>>> print(open('work_35.txt').read())   # compact mmCIF, N, CA and C atoms
# COMPACT_ATOMS: atom_id res chain seq x y z
N MET A 1 0.83 -1.17 0.00
CA MET A 1 0.00 0.00 0.00
C MET A 1 0.88 1.25 0.00
N ALA A 2 0.40 2.27 -0.63
CA ALA A 2 1.17 3.50 -0.76
C ALA A 2 0.84 4.49 0.35
N GLY A 3 1.65 5.51 0.44
CA GLY A 3 1.35 6.62 1.34
C GLY A 3 1.66 6.32 2.78
N ASN A 4 0.89 6.93 3.66
CA ASN A 4 1.11 6.83 5.10
C ASN A 4 0.17 5.82 5.76
N LEU A 5 -0.03 4.70 5.13
CA LEU A 5 -0.93 3.70 5.69
C LEU A 5 -0.16 2.76 6.62
N ASP A 6 -0.76 2.48 7.76
CA ASP A 6 -0.17 1.46 8.63
C ASP A 6 -0.95 0.16 8.47
N ARG A 7 -0.57 -0.84 9.25
CA ARG A 7 -1.21 -2.16 9.12
C ARG A 7 -2.71 -2.10 9.45
N ILE A 8 -3.09 -1.27 10.39
CA ILE A 8 -4.52 -1.17 10.75
C ILE A 8 -5.30 -0.55 9.59
N ASP A 9 -4.76 0.50 8.97
CA ASP A 9 -5.41 1.09 7.79
C ASP A 9 -5.57 0.03 6.71
N GLU A 10 -4.53 -0.73 6.49
CA GLU A 10 -4.59 -1.78 5.46
C GLU A 10 -5.65 -2.83 5.79
N LYS A 11 -5.77 -3.18 7.07
CA LYS A 11 -6.81 -4.13 7.49
C LYS A 11 -8.20 -3.55 7.26
N ILE A 12 -8.37 -2.27 7.61
CA ILE A 12 -9.67 -1.60 7.39
C ILE A 12 -10.03 -1.64 5.91
N LEU A 13 -9.09 -1.28 5.05
CA LEU A 13 -9.35 -1.28 3.61
C LEU A 13 -9.68 -2.69 3.11
N ALA A 14 -8.96 -3.68 3.60
CA ALA A 14 -9.22 -5.06 3.17
C ALA A 14 -10.62 -5.51 3.59
N GLU A 15 -11.01 -5.19 4.80
CA GLU A 15 -12.34 -5.58 5.28
C GLU A 15 -13.44 -4.87 4.50
N LEU A 16 -13.26 -3.56 4.26
CA LEU A 16 -14.29 -2.81 3.54
C LEU A 16 -14.36 -3.22 2.07
N GLU A 17 -13.24 -3.66 1.51
CA GLU A 17 -13.26 -4.13 0.12
C GLU A 17 -14.09 -5.40 0.00
N ILE A 18 -14.05 -6.23 1.02
CA ILE A 18 -14.85 -7.46 1.04
C ILE A 18 -16.32 -7.15 1.29
N ASN A 19 -16.57 -6.24 2.25
CA ASN A 19 -17.95 -5.90 2.60
C ASN A 19 -18.02 -4.43 3.01
N GLY A 20 -18.38 -3.58 2.08
CA GLY A 20 -18.47 -2.15 2.34
C GLY A 20 -19.62 -1.75 3.24
N ARG A 21 -20.48 -2.69 3.58
CA ARG A 21 -21.63 -2.39 4.44
C ARG A 21 -21.37 -2.72 5.91
N LEU A 22 -20.14 -3.09 6.24
CA LEU A 22 -19.85 -3.37 7.64
C LEU A 22 -20.14 -2.14 8.50
N SER A 23 -20.75 -2.36 9.64
CA SER A 23 -20.94 -1.26 10.58
C SER A 23 -19.59 -0.93 11.19
N ILE A 24 -19.48 0.28 11.71
CA ILE A 24 -18.25 0.68 12.40
C ILE A 24 -17.98 -0.26 13.57
N VAL A 25 -19.02 -0.68 14.27
CA VAL A 25 -18.87 -1.59 15.41
C VAL A 25 -18.22 -2.90 14.94
N GLU A 26 -18.76 -3.48 13.88
CA GLU A 26 -18.22 -4.75 13.37
C GLU A 26 -16.81 -4.55 12.80
N LEU A 27 -16.60 -3.48 12.06
CA LEU A 27 -15.28 -3.21 11.49
C LEU A 27 -14.25 -3.02 12.60
N ALA A 28 -14.60 -2.26 13.61
CA ALA A 28 -13.69 -2.03 14.74
C ALA A 28 -13.30 -3.34 15.40
N THR A 29 -14.27 -4.23 15.58
CA THR A 29 -13.99 -5.54 16.18
C THR A 29 -13.01 -6.32 15.31
N ARG A 30 -13.24 -6.31 14.00
CA ARG A 30 -12.38 -7.09 13.09
C ARG A 30 -10.95 -6.58 13.02
N VAL A 31 -10.76 -5.28 13.24
CA VAL A 31 -9.40 -4.72 13.15
C VAL A 31 -8.82 -4.39 14.53
N ASN A 32 -9.51 -4.83 15.58
CA ASN A 32 -9.04 -4.67 16.96
C ASN A 32 -8.86 -3.22 17.38
N LEU A 33 -9.88 -2.41 17.10
CA LEU A 33 -9.92 -1.02 17.55
C LEU A 33 -11.22 -0.79 18.28
N THR A 34 -11.31 0.32 18.99
CA THR A 34 -12.59 0.74 19.52
C THR A 34 -13.31 1.54 18.43
N ASN A 35 -14.58 1.82 18.65
CA ASN A 35 -15.41 2.42 17.59
C ASN A 35 -14.93 3.79 17.12
N THR A 36 -14.63 4.68 18.05
CA THR A 36 -14.27 6.05 17.67
C THR A 36 -12.99 6.11 16.83
N PRO A 37 -11.89 5.49 17.26
CA PRO A 37 -10.70 5.53 16.42
C PRO A 37 -10.90 4.86 15.05
N CYS A 38 -11.70 3.80 15.03
CA CYS A 38 -11.98 3.13 13.76
C CYS A 38 -12.75 4.07 12.84
N SER A 39 -13.77 4.72 13.37
CA SER A 39 -14.57 5.65 12.58
C SER A 39 -13.70 6.80 12.06
N GLU A 40 -12.82 7.32 12.90
CA GLU A 40 -11.94 8.41 12.48
C GLU A 40 -11.00 7.96 11.36
N ARG A 41 -10.50 6.74 11.46
CA ARG A 41 -9.61 6.21 10.41
C ARG A 41 -10.37 6.06 9.09
N VAL A 42 -11.59 5.54 9.15
CA VAL A 42 -12.39 5.38 7.93
C VAL A 42 -12.64 6.74 7.28
N LYS A 43 -13.00 7.73 8.08
CA LYS A 43 -13.23 9.08 7.54
C LYS A 43 -11.95 9.64 6.91
N ARG A 44 -10.79 9.41 7.56
CA ARG A 44 -9.52 9.88 7.01
C ARG A 44 -9.20 9.17 5.69
N LEU A 45 -9.46 7.87 5.64
CA LEU A 45 -9.22 7.11 4.41
C LEU A 45 -10.14 7.60 3.28
N GLU A 46 -11.35 7.97 3.61
CA GLU A 46 -12.28 8.53 2.62
C GLU A 46 -11.79 9.90 2.14
N ARG A 47 -11.46 10.77 3.08
CA ARG A 47 -11.00 12.13 2.72
C ARG A 47 -9.72 12.10 1.88
N SER A 48 -8.83 11.18 2.18
CA SER A 48 -7.55 11.13 1.47
C SER A 48 -7.64 10.36 0.16
N GLY A 49 -8.82 9.82 -0.16
CA GLY A 49 -9.02 9.19 -1.46
C GLY A 49 -8.70 7.70 -1.54
N TYR A 50 -8.31 7.08 -0.43
CA TYR A 50 -8.07 5.63 -0.45
C TYR A 50 -9.38 4.88 -0.63
N ILE A 51 -10.45 5.44 -0.09
CA ILE A 51 -11.80 4.89 -0.31
C ILE A 51 -12.50 5.89 -1.21
N SER A 52 -12.80 5.45 -2.43
CA SER A 52 -13.40 6.38 -3.39
C SER A 52 -14.92 6.25 -3.47
N GLY A 53 -15.50 5.29 -2.78
CA GLY A 53 -16.94 5.16 -2.78
C GLY A 53 -17.38 3.79 -2.31
N TYR A 54 -18.67 3.62 -2.22
CA TYR A 54 -19.29 2.37 -1.82
C TYR A 54 -20.36 2.05 -2.85
N ARG A 55 -20.57 0.77 -3.11
CA ARG A 55 -21.58 0.42 -4.10
C ARG A 55 -22.12 -0.98 -3.82
N ALA A 56 -23.26 -1.25 -4.39
CA ALA A 56 -23.83 -2.59 -4.32
C ALA A 56 -23.34 -3.38 -5.53
N VAL A 57 -22.98 -4.62 -5.32
CA VAL A 57 -22.59 -5.51 -6.42
C VAL A 57 -23.84 -6.31 -6.78
N LEU A 58 -24.34 -6.07 -7.98
CA LEU A 58 -25.60 -6.68 -8.40
C LEU A 58 -25.35 -8.04 -9.04
N ASN A 59 -26.30 -8.95 -8.87
CA ASN A 59 -26.23 -10.26 -9.49
C ASN A 59 -26.78 -10.13 -10.91
N LYS A 60 -25.88 -10.05 -11.88
CA LYS A 60 -26.29 -9.82 -13.27
C LYS A 60 -27.11 -10.98 -13.82
N ASP A 61 -26.85 -12.21 -13.38
CA ASP A 61 -27.64 -13.36 -13.82
C ASP A 61 -29.10 -13.20 -13.41
N LYS A 62 -29.33 -12.84 -12.15
CA LYS A 62 -30.70 -12.67 -11.66
C LYS A 62 -31.41 -11.52 -12.35
N LEU A 63 -30.64 -10.52 -12.79
CA LEU A 63 -31.22 -9.36 -13.47
C LEU A 63 -31.44 -9.62 -14.96
N GLY A 64 -31.07 -10.81 -15.43
CA GLY A 64 -31.28 -11.15 -16.84
C GLY A 64 -30.15 -10.73 -17.75
N TYR A 65 -29.00 -10.39 -17.19
CA TYR A 65 -27.84 -9.99 -17.98
C TYR A 65 -26.66 -10.90 -17.70
N GLY A 66 -26.90 -12.20 -17.83
CA GLY A 66 -25.87 -13.19 -17.53
C GLY A 66 -24.91 -13.48 -18.66
N HIS A 67 -25.19 -12.96 -19.84
CA HIS A 67 -24.32 -13.21 -21.00
C HIS A 67 -23.18 -12.20 -21.00
N LEU A 68 -21.94 -12.69 -20.91
CA LEU A 68 -20.78 -11.82 -20.81
C LEU A 68 -19.84 -12.07 -21.99
N MET A 69 -19.46 -10.98 -22.63
CA MET A 69 -18.51 -11.04 -23.75
C MET A 69 -17.35 -10.09 -23.46
N VAL A 70 -16.19 -10.43 -24.00
CA VAL A 70 -15.03 -9.55 -23.96
C VAL A 70 -14.77 -9.13 -25.40
N VAL A 71 -14.58 -7.83 -25.60
CA VAL A 71 -14.40 -7.29 -26.94
C VAL A 71 -13.09 -6.51 -27.00
N GLN A 72 -12.23 -6.92 -27.93
CA GLN A 72 -11.03 -6.15 -28.23
C GLN A 72 -11.39 -5.10 -29.26
N VAL A 73 -10.94 -3.87 -29.05
CA VAL A 73 -11.25 -2.78 -29.97
C VAL A 73 -9.95 -2.18 -30.48
N SER A 74 -9.86 -2.05 -31.80
CA SER A 74 -8.75 -1.33 -32.42
C SER A 74 -9.31 -0.08 -33.07
N LEU A 75 -8.65 1.05 -32.83
CA LEU A 75 -9.06 2.30 -33.46
C LEU A 75 -8.24 2.52 -34.73
N ALA A 76 -8.81 3.28 -35.66
CA ALA A 76 -8.13 3.58 -36.91
C ALA A 76 -6.89 4.43 -36.66
N ALA A 77 -6.97 5.35 -35.72
CA ALA A 77 -5.83 6.22 -35.40
C ALA A 77 -5.91 6.58 -33.93
N THR A 78 -4.76 6.60 -33.28
CA THR A 78 -4.73 6.98 -31.87
C THR A 78 -3.79 8.16 -31.63
N ALA A 79 -3.15 8.63 -32.68
CA ALA A 79 -2.19 9.74 -32.52
C ALA A 79 -2.89 11.03 -32.14
N ALA A 80 -4.03 11.27 -32.69
CA ALA A 80 -4.77 12.49 -32.37
C ALA A 80 -5.49 12.31 -31.04
N ASP A 81 -5.23 13.21 -30.11
CA ASP A 81 -5.84 13.12 -28.78
C ASP A 81 -7.36 13.09 -28.85
N ASN A 82 -7.93 13.82 -29.81
CA ASN A 82 -9.39 13.90 -29.87
C ASN A 82 -10.03 12.57 -30.26
N SER A 83 -9.30 11.69 -30.98
CA SER A 83 -9.90 10.40 -31.34
C SER A 83 -10.08 9.53 -30.10
N LEU A 84 -9.12 9.55 -29.20
CA LEU A 84 -9.26 8.80 -27.95
C LEU A 84 -10.35 9.40 -27.07
N ASP A 85 -10.36 10.71 -26.97
CA ASP A 85 -11.39 11.38 -26.16
C ASP A 85 -12.79 11.11 -26.70
N ALA A 86 -12.94 11.16 -28.02
CA ALA A 86 -14.25 10.92 -28.63
C ALA A 86 -14.71 9.49 -28.34
N PHE A 87 -13.81 8.53 -28.49
CA PHE A 87 -14.15 7.14 -28.18
C PHE A 87 -14.51 7.00 -26.71
N ASN A 88 -13.69 7.55 -25.83
CA ASN A 88 -13.92 7.43 -24.39
C ASN A 88 -15.29 8.00 -23.99
N ARG A 89 -15.62 9.17 -24.50
CA ARG A 89 -16.92 9.78 -24.18
C ARG A 89 -18.07 8.90 -24.68
N ALA A 90 -17.94 8.41 -25.90
CA ALA A 90 -19.03 7.63 -26.50
C ALA A 90 -19.23 6.28 -25.81
N VAL A 91 -18.16 5.60 -25.47
CA VAL A 91 -18.29 4.26 -24.89
C VAL A 91 -18.92 4.34 -23.50
N ARG A 92 -18.72 5.44 -22.79
CA ARG A 92 -19.32 5.61 -21.46
C ARG A 92 -20.84 5.67 -21.51
N THR A 93 -21.41 5.95 -22.66
CA THR A 93 -22.86 6.07 -22.78
C THR A 93 -23.57 4.75 -23.04
N ILE A 94 -22.82 3.68 -23.25
CA ILE A 94 -23.43 2.38 -23.59
C ILE A 94 -23.66 1.59 -22.31
N PRO A 95 -24.92 1.41 -21.91
CA PRO A 95 -25.18 0.75 -20.62
C PRO A 95 -24.71 -0.70 -20.57
N GLU A 96 -24.65 -1.38 -21.69
CA GLU A 96 -24.23 -2.78 -21.69
C GLU A 96 -22.72 -2.94 -21.50
N VAL A 97 -21.95 -1.87 -21.71
CA VAL A 97 -20.51 -1.95 -21.50
C VAL A 97 -20.25 -1.84 -20.00
N GLU A 98 -19.82 -2.96 -19.43
CA GLU A 98 -19.58 -3.05 -17.99
C GLU A 98 -18.25 -2.40 -17.63
N SER A 99 -17.24 -2.59 -18.47
CA SER A 99 -15.95 -1.96 -18.22
C SER A 99 -15.26 -1.71 -19.55
N CYS A 100 -14.38 -0.72 -19.54
CA CYS A 100 -13.60 -0.36 -20.72
C CYS A 100 -12.24 0.10 -20.23
N VAL A 101 -11.20 -0.58 -20.69
CA VAL A 101 -9.84 -0.20 -20.31
C VAL A 101 -9.02 0.01 -21.58
N MET A 102 -8.20 1.07 -21.57
CA MET A 102 -7.26 1.30 -22.65
C MET A 102 -6.02 0.47 -22.35
N VAL A 103 -5.51 -0.22 -23.36
CA VAL A 103 -4.36 -1.11 -23.16
C VAL A 103 -3.25 -0.79 -24.15
N ALA A 104 -2.06 -1.20 -23.82
CA ALA A 104 -0.93 -1.12 -24.74
C ALA A 104 -0.77 -2.50 -25.36
N GLY A 105 -0.56 -2.55 -26.67
CA GLY A 105 -0.39 -3.84 -27.30
C GLY A 105 -0.98 -3.87 -28.69
N ALA A 106 -1.47 -5.03 -29.07
CA ALA A 106 -1.95 -5.25 -30.43
C ALA A 106 -3.30 -4.60 -30.72
N PHE A 107 -4.01 -4.18 -29.69
CA PHE A 107 -5.28 -3.47 -29.86
C PHE A 107 -5.31 -2.34 -28.85
N ASP A 108 -6.35 -1.52 -28.89
CA ASP A 108 -6.36 -0.29 -28.09
C ASP A 108 -7.21 -0.36 -26.82
N TYR A 109 -8.33 -1.05 -26.86
CA TYR A 109 -9.24 -1.12 -25.72
C TYR A 109 -9.71 -2.55 -25.51
N LEU A 110 -10.06 -2.84 -24.29
CA LEU A 110 -10.69 -4.11 -23.95
C LEU A 110 -11.97 -3.79 -23.20
N LEU A 111 -13.09 -4.27 -23.73
CA LEU A 111 -14.41 -4.02 -23.14
C LEU A 111 -14.96 -5.32 -22.56
N THR A 112 -15.69 -5.23 -21.47
CA THR A 112 -16.55 -6.33 -21.06
C THR A 112 -17.98 -5.84 -21.28
N VAL A 113 -18.77 -6.69 -21.90
CA VAL A 113 -20.12 -6.30 -22.32
C VAL A 113 -21.11 -7.32 -21.76
N ARG A 114 -22.11 -6.83 -21.03
CA ARG A 114 -23.16 -7.66 -20.42
C ARG A 114 -24.45 -7.49 -21.22
N THR A 115 -24.99 -8.62 -21.67
CA THR A 115 -26.26 -8.60 -22.39
C THR A 115 -27.14 -9.76 -21.92
N ARG A 116 -28.38 -9.78 -22.44
CA ARG A 116 -29.30 -10.85 -22.07
C ARG A 116 -28.89 -12.18 -22.68
N ASP A 117 -28.46 -12.13 -23.94
CA ASP A 117 -28.12 -13.35 -24.67
C ASP A 117 -27.28 -12.97 -25.89
N ILE A 118 -26.94 -13.96 -26.71
CA ILE A 118 -26.08 -13.69 -27.87
C ILE A 118 -26.77 -12.79 -28.90
N GLY A 119 -28.07 -12.91 -29.03
CA GLY A 119 -28.80 -12.04 -29.95
C GLY A 119 -28.74 -10.58 -29.53
N HIS A 120 -28.91 -10.36 -28.24
CA HIS A 120 -28.81 -9.01 -27.70
C HIS A 120 -27.39 -8.48 -27.89
N PHE A 121 -26.38 -9.33 -27.65
CA PHE A 121 -25.00 -8.90 -27.86
C PHE A 121 -24.77 -8.53 -29.32
N ARG A 122 -25.27 -9.35 -30.22
CA ARG A 122 -25.08 -9.06 -31.65
C ARG A 122 -25.66 -7.69 -32.00
N GLN A 123 -26.81 -7.37 -31.43
CA GLN A 123 -27.44 -6.07 -31.67
C GLN A 123 -26.58 -4.94 -31.11
N VAL A 124 -26.10 -5.08 -29.87
CA VAL A 124 -25.27 -4.05 -29.25
C VAL A 124 -23.97 -3.87 -30.03
N LEU A 125 -23.37 -4.96 -30.43
CA LEU A 125 -22.12 -4.88 -31.19
C LEU A 125 -22.35 -4.18 -32.53
N GLY A 126 -23.35 -4.61 -33.26
CA GLY A 126 -23.58 -4.06 -34.59
C GLY A 126 -24.15 -2.66 -34.60
N ASP A 127 -25.08 -2.39 -33.70
CA ASP A 127 -25.76 -1.10 -33.71
C ASP A 127 -25.07 -0.02 -32.90
N THR A 128 -24.22 -0.43 -31.97
CA THR A 128 -23.66 0.57 -31.05
C THR A 128 -22.13 0.54 -31.01
N ILE A 129 -21.56 -0.59 -30.61
CA ILE A 129 -20.10 -0.64 -30.43
C ILE A 129 -19.38 -0.40 -31.74
N ASN A 130 -19.77 -1.08 -32.80
CA ASN A 130 -19.08 -0.92 -34.09
C ASN A 130 -19.28 0.46 -34.71
N LYS A 131 -20.19 1.26 -34.14
CA LYS A 131 -20.42 2.61 -34.65
C LYS A 131 -19.78 3.68 -33.77
N LEU A 132 -18.99 3.25 -32.79
CA LEU A 132 -18.28 4.20 -31.94
C LEU A 132 -17.26 4.96 -32.78
N PRO A 133 -16.92 6.20 -32.40
CA PRO A 133 -15.97 7.00 -33.19
C PRO A 133 -14.61 6.33 -33.29
N GLY A 134 -14.08 6.28 -34.50
CA GLY A 134 -12.72 5.82 -34.72
C GLY A 134 -12.52 4.32 -34.78
N ILE A 135 -13.57 3.53 -34.71
CA ILE A 135 -13.43 2.08 -34.71
C ILE A 135 -12.85 1.60 -36.04
N LEU A 136 -11.83 0.78 -35.95
CA LEU A 136 -11.28 0.10 -37.11
C LEU A 136 -11.73 -1.35 -37.13
N GLN A 137 -11.61 -2.01 -35.96
CA GLN A 137 -11.90 -3.45 -35.91
C GLN A 137 -12.24 -3.85 -34.49
N THR A 138 -13.10 -4.86 -34.36
CA THR A 138 -13.39 -5.47 -33.06
C THR A 138 -13.22 -6.97 -33.17
N ASN A 139 -12.85 -7.60 -32.08
CA ASN A 139 -12.81 -9.05 -31.95
C ASN A 139 -13.53 -9.40 -30.67
N SER A 140 -14.48 -10.33 -30.74
CA SER A 140 -15.32 -10.65 -29.59
C SER A 140 -15.05 -12.07 -29.11
N PHE A 141 -15.11 -12.24 -27.80
CA PHE A 141 -14.86 -13.54 -27.18
C PHE A 141 -15.92 -13.81 -26.13
N ALA A 142 -16.53 -14.99 -26.19
CA ALA A 142 -17.53 -15.38 -25.20
C ALA A 142 -16.82 -15.81 -23.91
N VAL A 143 -17.30 -15.32 -22.79
CA VAL A 143 -16.75 -15.69 -21.49
C VAL A 143 -17.43 -16.98 -21.05
N MET A 144 -16.63 -17.98 -20.78
CA MET A 144 -17.16 -19.27 -20.35
C MET A 144 -17.40 -19.30 -18.84
N GLU A 145 -16.51 -18.64 -18.08
CA GLU A 145 -16.62 -18.63 -16.62
C GLU A 145 -15.82 -17.44 -16.08
N VAL A 146 -16.39 -16.76 -15.12
CA VAL A 146 -15.66 -15.70 -14.41
C VAL A 146 -14.98 -16.37 -13.23
N VAL A 147 -13.66 -16.37 -13.25
CA VAL A 147 -12.87 -17.05 -12.21
C VAL A 147 -12.66 -16.13 -11.02
N LYS A 148 -12.39 -14.85 -11.28
CA LYS A 148 -12.20 -13.86 -10.23
C LYS A 148 -12.74 -12.55 -10.73
N HIS A 149 -13.50 -11.88 -9.88
CA HIS A 149 -14.09 -10.58 -10.25
C HIS A 149 -13.62 -9.55 -9.25
N ALA A 150 -13.37 -8.35 -9.76
CA ALA A 150 -12.90 -7.25 -8.87
C ALA A 150 -13.94 -6.87 -7.87
>>> encode(input="work_35.txt", output="structure tokens")
Amino acid sequence: MAGNLDRIDEKILAELEINGRLSIVELATRVNLTNTPCSERVKRLERSGYISGYRAVLNKDKLGYGHLMVVQVSLAATAADNSLDAFNRAVRTIPEVESCVMVAGAFDYLLTVRTRDIGHFRQVLGDTINKLPGILQTNSFAVMEVVKHA
């Protein structure tokens, strides 16, 4: 861990990463602190940016979006800053795109795309992803199993 974190801060972060809904009482017990110092540490970690937010992790299968694809994206040109910015802005508007990372290598971006089924994915790919600014080529891969999720 970077910065001025001690072992207790690291324990707090590890516990909250597993379950962000822990009460201060439960968190304090798990990291061997009393409530007030634990609460103060959590607030400091939030203020200093080590904790950037809390969220619910939804069960995509139960919500009807169990079909997961990985899409490699190559842009026609990446030298112009505006081509990357235009792509970045546009891809953020697609609700089915679960994540988008820019990578170094044989292609430019790697997307994870959640849809209802292969037909829905085909529609999203053809009608939306392939029409993003600057797209040269995409390659899609069906995910067989998620082994570890962030």
>>> select_by_dssp(input="work_35.txt", residues="range 13-102 of chain A", states="helix (DSSP H, G or I)", output="ChimeraX atom specification")
/A:13-18,24-30,35-47,81-91
>>> residues_near_point(input="work_35.txt", point="(-19.5, -11.8, -21.0)", cutoff="6.5 Å", atoms="only N, CA and C atoms", output="ChimeraX atom specification")
/A:66-70,112-115,142-143
>>> atom_distance(input="work_35.txt", atom1="CA of Leu16 in chain A", atom2="CA of His149 in chain A")
15.8 Å
>>> atom_distance(input="work_35.txt", atom1="CA of Ala90 in chain A", atom2="atom N of Phe107 in chain A")
19.4 Å
>>> atom_distance(input="work_35.txt", atom1="atom C of Leu33 in chain A", atom2="atom N of Ala14 in chain A")
15.1 Å
>>> select_by_dssp(input="work_35.txt", residues="chain A", states="strand (DSSP E or B)", output="JSON, numbers by chain")
{"A": [67, 68, 69, 70, 71, 72, 73, 74, 75, 97, 98, 99, 100, 101, 102, 109, 110, 111, 112, 113, 114, 115, 135, 136, 137, 138, 139, 140, 141, 142]}
>>> axis_aligned_box(input="work_35.txt", around="range 35-52 of chain A", padding_each_side="6 Å", output="AutoDock Vina command-line options")
--center_x -11.5 --center_y 7.0 --center_z 7.6 --size_x 19.9 --size_y 22.3 --size_z 34.1
>>> closest_residue(input="work_35.txt", among="A:Leu75, A:Leu27, A:Leu84, A:Val103", to="Gln137 in chain A", atoms="all atoms listed in the file")
A:Leu75
>>> closest_residue(input="work_35.txt", among="A:Glu40, A:Asp108, A:Glu96, A:Asp61", to="Val73 in chain A", atoms="only C-alpha atoms")
A:Asp108
>>> residues_around(input="work_35.txt", residues="Ile12 in chain A", least_positions_apart="3", cutoff="8 Å", atoms="only N, CA and C atoms", output="ChimeraX atom specification")
/A:6-9,15-18,27-28,30-31,41-42
>>> residues_around(input="work_35.txt", residues="Arg55 in chain A", least_positions_apart="3", cutoff="8 Å", atoms="all atoms listed in the file", output="PyMOL selection string")
chain A and resi 20-21+52+58
